[in-house]
Amino acid sequence: MAGSQWLRVVDALKAPVGSRVTIKGWVRTRRDSKAEGGLSFVAVHDGTCFDAMQAVVKGDIANYASEVCKLTTHCSVEVDGVVSQTPKGGNELQVEASTGGAVRVVGYVDDPDTYPIQPKPHSFEFLREMQHLRVRTNTFGAVARMRHCLSMAIHRFYHERGFFYVHTPIITGSDCEGAGNMFRVSTLDMLNLPRVHGAPANAESRMPNAAPAGPIDFSHDFFGKETHLTVSGQLNVETYCCALSRVYTFGPTFRAENSNTARHLAEFWMIEPEIAFANLQQDSELAEDFIKFLINAALTERADDMKFFDERIEKGLIQRLDHVLKTPFRRLPYTEAIKILEQAIAKGEKFEYPVKWGTDLQSEHERYLTEKHFKQPVILMNYPKQIKAFYMRLNDPGTDGAPADTVAAMDVLVPGVGEIIGGSQREERLSVLDARITEMGLPIGEYWWYRDLRRFGTVPHAGFGLGFERAMMFITGMANVRDVIPFPRTPKNAEF
RNA sequence: UCCCUGAUAGCUCAAUGGUAGAGCGGCCGGCUGUUAACCGGUAGGUUGUAGGUUCGAGUCCUACUCGGGGAGCCA
């Protein structure tokens with residue numbers, strides 16, 4: 001209508017009473033009344049905030065009976081009206097002919113009796129099969145806005161602290177990043193693979209039922225060598241750390257593990273900061289500040305969505321996060337954690353797996369520490385070297401009274417989610433690094449550029465990886481990692 | 001990958017081995033400044049797939065597919 005301004009719903013809900021506005025979005029619900037010659041309440045939602053805006057449509061507009069009364073959930077509309085206040089105090093939109101009100105239907109919903117998304121609670125399992133439509137629901141709209149909010153907060157946190165954002169490669173020629181099975185990247189014809197001439201037949205490299213053949217000749221592949229999707233940007237980002245001092249990556253990573261749990265994805269996003277001239281203690285302080293910064297951003301910038309998560313997804317969520325904000329994280333040597341668990345067993349606590357110095361803690365042990373014993377986030381530090389990666393810095397013998405060698409590694413454990421961050425101080429001494437690589441039977445030649453960092457102006461440095469989706473779960477209370485990423489990739493699932 | 005468990009209307013779920021039902025949603029009508037509205041009517045089904053047992057299978061058995069819970073691996 002003349003003089004009407006198109007506002008997003010988030011703005012229209014705050015517009016001055018009496019202003020003439022247009023909103024554009026999707027119908028959430030429609031309720032009709034025959035009073036006053038026809039009256040319909042149409043809730044319109046455009047995703048810009050949690051709430052929908054109610055349009056009160058009078059029966060005197062031209063297309064009232066022919067179109068407005070046929071609107072069903074998720075029809076798209078443009079609505080012109082005058083902002084007024086509901087009896088309860090919020091804004092709504094009065095749509096009547098006398099003030100030039102109008103409803104224009106942009107798109108109807110075909111076959112509304114089988115349209116799967118209804119204005120009622122759906123199971124997340126069902127919505128997972130409707131990934132292209134589920135974002136239209138309250139929950140997934142809130143999750144999407146929260147993902148954006150936290151993504152921006154991540155960049156802001158590091159930018160404000162002088163970190164540089166580094167784009168590490170998605171395709172990697174290094175098959176020894178050391179964090180799990182990798183997806184192969186190849187342009188070779190899988191039905192006609194090039195073979196190394198004259199090489200003896202090798203059972204492992206032979207296709208089932210294929211004629212005997214030599215190993216695959218990857219020199220014919222796109223990059224002239226074997227390549228994979230990255231499992232971590234860490235080794236690459238360390239190179240930039242050793243020149244720019246403070247850097248971070250934030251990008252997708254890939255694990256070809258057959259993991260079927262509520263906490264694992266084949267494609268997920270990870271934040272990996274790396275700081276030069278820093279030790280494990282400083283690394284853990286960065287991790288704690290980082291998590292608290294994200295919680296604060298969520299609570300202050302998306303109060304509407306957080307209120308919803310608190311009421312409908314996890315009761316007491318906001319209180320839990322407030323507690324995390326106010327409480328210093330508990331730092332604890334691995335060796336100390338083992339003692340606490342042994343004492344717990346002595347007092348009658350039952351675990352499925354044994355507790356023994358030198359073995360990795362099981363989920364149940366981590367849960368006991370963070371949920372029952374300390375009831376707060378816990379940072380475990382200085383793990384036995386035999387259960388950790390080659391690049392972690394070897395501690396001095398006897399650190400924390402440990403019975404054997406430890407490395408400067410840390411895991412941040414949070415109640416509900418478990419391990420959310422894994423990090424370490426990196427081994428900056430070439431001779432010690434080489435000894436570790438050799439000891440673990442890794443191909444030292446592959447690490448030539450990583451070792452160069454220790455040959456040319458080496459510095460102590462440290463970093464960690466935060467699984468973005470795990471942070472999302474921790475902050476929204478959503479229980480399944482598949483529901484905090486738009487299009488989850490898991491074993492046997494890549495439909496969308 | 002292992003253990004447990006499940007798959008019935010668009011959705012959430014019932015149905016002793018014996019004629020497949022309800023609520024919500026859709027459609028039609030009534031009522032109502034409503035907001036998970038309410039009342040009446042109505043349409044809607046190859047019971048996940050493939051076999052088997054049985055006079056008879058949604059129900060029992062086998063395999064497979066997919067979902068959920070737990071575990072391992074990890075972020």
# chains A, B, ... in the order shown; residues from 1 in each chain; ligands from 1

$ closest_atom_pairs --of "chain A" --to "chain B" --cutoff "7 Å" --atoms "only C-alpha atoms (C1' of nucleotides)" --output "CSV"
residue,atom,partner,partner_atom,distance
A:Arg31,CA,B:U34,C1',6.4
A:Ser33,CA,B:U32,C1',6.2
A:Phe41,CA,B:U34,C1',6.5
A:Pro112,CA,B:G26,C1',6.2
A:Asp113,CA,B:G26,C1',3.9
A:Thr114,CA,B:G10,C1',4.1
A:Tyr115,CA,B:G10,C1',6.2
A:Pro116,CA,B:G10,C1',5.6
A:Gln118,CA,B:G25,C1',6.5
A:Lys120,CA,B:A36,C1',6.6
A:Asn258,CA,B:U1,C1',7.0
A:Ile420,CA,B:A75,C1',6.4
A:Ile421,CA,B:A75,C1',6.8
A:Leu466,CA,B:A75,C1',6.4
A:Gly467,CA,B:A75,C1',4.4

$ atom_distance --atom1 "CA of Lys315 (chain A)" --atom2 "CA of Cys49 (chain A)"
21.2 Å

$ residues_around --residues "region 438-455 of chain A" --least-positions-apart "5" --cutoff "8 Å" --atoms "only C-alpha atoms (C1' of nucleotides)" --output "number ranges by chain"
A: 174, 176, 235, 239, 242, 390, 428-430

$ write_last_selection --atoms "N, CA and C atoms" --output "mmCIF file, in the first residue's frame"
data_model
loop_
_atom_site.group_PDB
_atom_site.id
_atom_site.type_symbol
_atom_site.label_atom_id
_atom_site.label_comp_id
_atom_site.auth_asym_id
_atom_site.auth_seq_id
_atom_site.Cartn_x
_atom_site.Cartn_y
_atom_site.Cartn_z
ATOM 1 N N SER A 174 48.766 -34.944 2.421
ATOM 2 C CA SER A 174 49.391 -35.621 3.542
ATOM 3 C C SER A 174 48.410 -36.652 4.085
ATOM 4 N N CYS A 176 48.925 -38.430 6.683
ATOM 5 C CA CYS A 176 49.360 -38.782 8.030
ATOM 6 C C CYS A 176 49.053 -37.660 8.999
ATOM 7 N N LEU A 235 48.248 -29.217 11.176
ATOM 8 C CA LEU A 235 49.646 -29.207 10.732
ATOM 9 C C LEU A 235 49.897 -28.027 9.802
ATOM 10 N N THR A 239 52.201 -23.972 10.413
ATOM 11 C CA THR A 239 53.198 -23.278 9.586
ATOM 12 C C THR A 239 52.944 -21.774 9.598
ATOM 13 N N CYS A 242 53.918 -20.153 12.934
ATOM 14 C CA CYS A 242 55.345 -19.921 13.089
ATOM 15 C C CYS A 242 55.831 -18.800 12.179
ATOM 16 N N PHE A 390 51.850 -37.879 17.846
ATOM 17 C CA PHE A 390 53.309 -37.718 17.769
ATOM 18 C C PHE A 390 53.776 -36.285 17.987
ATOM 19 N N GLU A 428 58.505 -28.761 19.932
ATOM 20 C CA GLU A 428 59.275 -27.820 19.104
ATOM 21 C C GLU A 428 60.729 -28.256 18.938
ATOM 22 N N ARG A 429 61.153 -29.334 19.647
ATOM 23 C CA ARG A 429 62.551 -29.783 19.573
ATOM 24 C C ARG A 429 62.654 -30.868 18.491
ATOM 25 N N LEU A 430 63.423 -30.581 17.456
ATOM 26 C CA LEU A 430 63.484 -31.482 16.299
ATOM 27 C C LEU A 430 63.897 -32.892 16.692
#

$ select_by_dssp --residues "region 310-377 of chain A" --states "helix (DSSP H, G or I)" --output "VMD selection string"
chain A and resid 310 to 313 317 to 326 334 to 346 363 to 373

$ write_last_selection --atoms "C-alpha atoms" --output "PDB file, in the first residue's frame"
ATOM      1  CA  ASP A 310      15.684 -23.462  27.813  1.00  0.00           C
ATOM      2  CA  GLU A 311      11.922 -24.089  27.862  1.00  0.00           C
ATOM      3  CA  ARG A 312      11.514 -26.792  25.209  1.00  0.00           C
ATOM      4  CA  ILE A 313      14.861 -28.505  24.568  1.00  0.00           C
ATOM      5  CA  LEU A 317      19.893 -24.784  30.128  1.00  0.00           C
ATOM      6  CA  ILE A 318      20.380 -21.079  30.811  1.00  0.00           C
ATOM      7  CA  GLN A 319      21.105 -21.704  34.472  1.00  0.00           C
ATOM      8  CA  ARG A 320      23.646 -24.356  33.507  1.00  0.00           C
ATOM      9  CA  LEU A 321      25.400 -21.998  31.114  1.00  0.00           C
ATOM     10  CA  ASP A 322      25.361 -19.165  33.659  1.00  0.00           C
ATOM     11  CA  HIS A 323      27.088 -21.501  36.087  1.00  0.00           C
ATOM     12  CA  VAL A 324      29.764 -22.341  33.504  1.00  0.00           C
ATOM     13  CA  LEU A 325      30.300 -18.628  32.847  1.00  0.00           C
ATOM     14  CA  LYS A 326      30.823 -17.822  36.519  1.00  0.00           C
ATOM     15  CA  TYR A 334      45.595 -36.912  34.079  1.00  0.00           C
ATOM     16  CA  THR A 335      47.538 -38.678  36.829  1.00  0.00           C
ATOM     17  CA  GLU A 336      45.344 -36.935  39.419  1.00  0.00           C
ATOM     18  CA  ALA A 337      42.163 -37.889  37.542  1.00  0.00           C
ATOM     19  CA  ILE A 338      43.173 -41.548  37.665  1.00  0.00           C
ATOM     20  CA  LYS A 339      43.568 -41.279  41.455  1.00  0.00           C
ATOM     21  CA  ILE A 340      40.114 -39.704  41.804  1.00  0.00           C
ATOM     22  CA  LEU A 341      38.568 -42.471  39.717  1.00  0.00           C
ATOM     23  CA  GLU A 342      40.378 -45.156  41.722  1.00  0.00           C
ATOM     24  CA  GLN A 343      39.088 -43.583  44.940  1.00  0.00           C
ATOM     25  CA  ALA A 344      35.582 -43.533  43.462  1.00  0.00           C
ATOM     26  CA  ILE A 345      35.835 -47.246  42.722  1.00  0.00           C
ATOM     27  CA  ALA A 346      37.052 -47.854  46.273  1.00  0.00           C
ATOM     28  CA  SER A 363      33.275 -41.882  28.188  1.00  0.00           C
ATOM     29  CA  GLU A 364      31.913 -43.126  31.514  1.00  0.00           C
ATOM     30  CA  HIS A 365      35.057 -41.953  33.335  1.00  0.00           C
ATOM     31  CA  GLU A 366      34.949 -38.525  31.737  1.00  0.00           C
ATOM     32  CA  ARG A 367      31.267 -38.267  32.547  1.00  0.00           C
ATOM     33  CA  TYR A 368      31.916 -39.168  36.179  1.00  0.00           C
ATOM     34  CA  LEU A 369      34.550 -36.464  36.528  1.00  0.00           C
ATOM     35  CA  THR A 370      32.655 -33.628  34.891  1.00  0.00           C
ATOM     36  CA  GLU A 371      29.078 -34.531  35.827  1.00  0.00           C
ATOM     37  CA  LYS A 372      29.336 -36.212  39.227  1.00  0.00           C
ATOM     38  CA  HIS A 373      32.634 -35.385  40.893  1.00  0.00           C
TER      39      HIS A 373
END

$ atom_distance --atom1 "CA of Pro119 (chain A)" --atom2 "CA of Thr73 (chain A)"
7.1 Å

$ select_by_dssp --residues "region 289-402 of chain A" --states "strand (DSSP E)" --output "list in words"
Arg330, Arg331, Leu332, Pro333, Val378, Ile379, Leu380, Met381, Asn382, Tyr383 and Pro384 of chain A

$ write_last_selection --atoms "all heavy atoms" --output "short mmCIF file (atom, residue, chain, number, x, y, z; two decimals), in the first residue's frame"
data_model
loop_
_atom_site.label_atom_id
_atom_site.label_comp_id
_atom_site.auth_asym_id
_atom_site.auth_seq_id
_atom_site.Cartn_x
_atom_site.Cartn_y
_atom_site.Cartn_z
N ARG A 330 37.99 -26.35 36.06
CA ARG A 330 38.87 -27.11 36.95
C ARG A 330 40.00 -27.74 36.14
O ARG A 330 39.76 -28.52 35.23
CB ARG A 330 38.03 -28.19 37.65
CG ARG A 330 38.82 -29.02 38.64
CD ARG A 330 39.35 -28.11 39.75
NE ARG A 330 40.16 -28.87 40.67
CZ ARG A 330 39.76 -29.19 41.91
NH1 ARG A 330 38.58 -28.79 42.34
NH2 ARG A 330 40.55 -29.89 42.69
N ARG A 331 41.25 -27.40 36.47
CA ARG A 331 42.40 -28.00 35.78
C ARG A 331 42.95 -29.14 36.62
O ARG A 331 43.09 -29.00 37.84
CB ARG A 331 43.48 -26.95 35.54
CG ARG A 331 43.13 -26.03 34.39
CD ARG A 331 44.03 -24.82 34.31
NE ARG A 331 43.68 -23.97 33.18
CZ ARG A 331 42.57 -23.23 33.12
NH1 ARG A 331 41.71 -23.22 34.12
NH2 ARG A 331 42.31 -22.49 32.05
N LEU A 332 43.23 -30.24 35.93
CA LEU A 332 43.55 -31.45 36.67
C LEU A 332 44.51 -32.30 35.85
O LEU A 332 44.24 -32.61 34.70
CB LEU A 332 42.24 -32.23 36.88
CG LEU A 332 42.21 -33.39 37.84
CD1 LEU A 332 42.29 -32.87 39.27
CD2 LEU A 332 40.92 -34.17 37.64
N PRO A 333 45.66 -32.70 36.46
CA PRO A 333 46.53 -33.61 35.72
C PRO A 333 45.84 -34.95 35.49
O PRO A 333 45.07 -35.41 36.35
CB PRO A 333 47.73 -33.80 36.65
CG PRO A 333 47.65 -32.67 37.62
CD PRO A 333 46.20 -32.34 37.76
N VAL A 378 35.90 -29.49 33.10
CA VAL A 378 37.19 -29.93 33.63
C VAL A 378 38.19 -29.96 32.49
O VAL A 378 37.88 -30.40 31.38
CB VAL A 378 37.06 -31.35 34.23
CG1 VAL A 378 38.41 -31.88 34.68
CG2 VAL A 378 36.08 -31.35 35.40
N ILE A 379 39.39 -29.46 32.76
CA ILE A 379 40.47 -29.57 31.77
C ILE A 379 41.49 -30.57 32.28
O ILE A 379 42.19 -30.31 33.26
CB ILE A 379 41.14 -28.20 31.51
CG1 ILE A 379 40.08 -27.14 31.14
CG2 ILE A 379 42.19 -28.32 30.41
CD1 ILE A 379 40.68 -25.78 30.81
N LEU A 380 41.54 -31.71 31.61
CA LEU A 380 42.53 -32.73 31.97
C LEU A 380 43.82 -32.46 31.19
O LEU A 380 43.78 -32.17 29.99
CB LEU A 380 42.01 -34.13 31.64
CG LEU A 380 40.84 -34.63 32.49
CD1 LEU A 380 40.49 -36.06 32.08
CD2 LEU A 380 41.19 -34.58 33.97
N MET A 381 44.96 -32.54 31.90
CA MET A 381 46.23 -32.18 31.27
C MET A 381 47.28 -33.26 31.51
O MET A 381 47.20 -34.02 32.48
CB MET A 381 46.71 -30.83 31.85
CG MET A 381 45.66 -29.73 31.73
SD MET A 381 46.07 -28.24 32.65
CE MET A 381 46.97 -27.35 31.41
N ASN A 382 48.26 -33.27 30.60
CA ASN A 382 49.44 -34.13 30.72
C ASN A 382 49.09 -35.62 30.72
O ASN A 382 49.12 -36.29 31.75
CB ASN A 382 50.24 -33.76 31.99
CG ASN A 382 50.71 -32.32 31.92
OD1 ASN A 382 50.96 -31.80 30.84
ND2 ASN A 382 50.80 -31.69 33.07
N TYR A 383 48.78 -36.10 29.54
CA TYR A 383 48.39 -37.50 29.35
C TYR A 383 49.61 -38.38 29.09
O TYR A 383 50.65 -37.90 28.62
CB TYR A 383 47.48 -37.61 28.12
CG TYR A 383 46.05 -37.18 28.37
CD1 TYR A 383 45.71 -35.84 28.46
CD2 TYR A 383 45.02 -38.12 28.49
CE1 TYR A 383 44.40 -35.45 28.67
CE2 TYR A 383 43.71 -37.74 28.69
CZ TYR A 383 43.40 -36.40 28.78
OH TYR A 383 42.11 -36.02 28.99
N PRO A 384 49.48 -39.67 29.35
CA PRO A 384 50.55 -40.61 28.99
C PRO A 384 50.87 -40.49 27.50
O PRO A 384 49.95 -40.40 26.68
CB PRO A 384 49.95 -41.99 29.30
CG PRO A 384 48.88 -41.72 30.29
CD PRO A 384 48.34 -40.36 29.99
#

$ residues_around --residues "region 52-62 of chain B" --least-positions-apart "3" --cutoff "10 Å" --atoms "only C-alpha atoms (C1' of nucleotides)" --output "ChimeraX atom specification"
/B:8,15-18,20,47
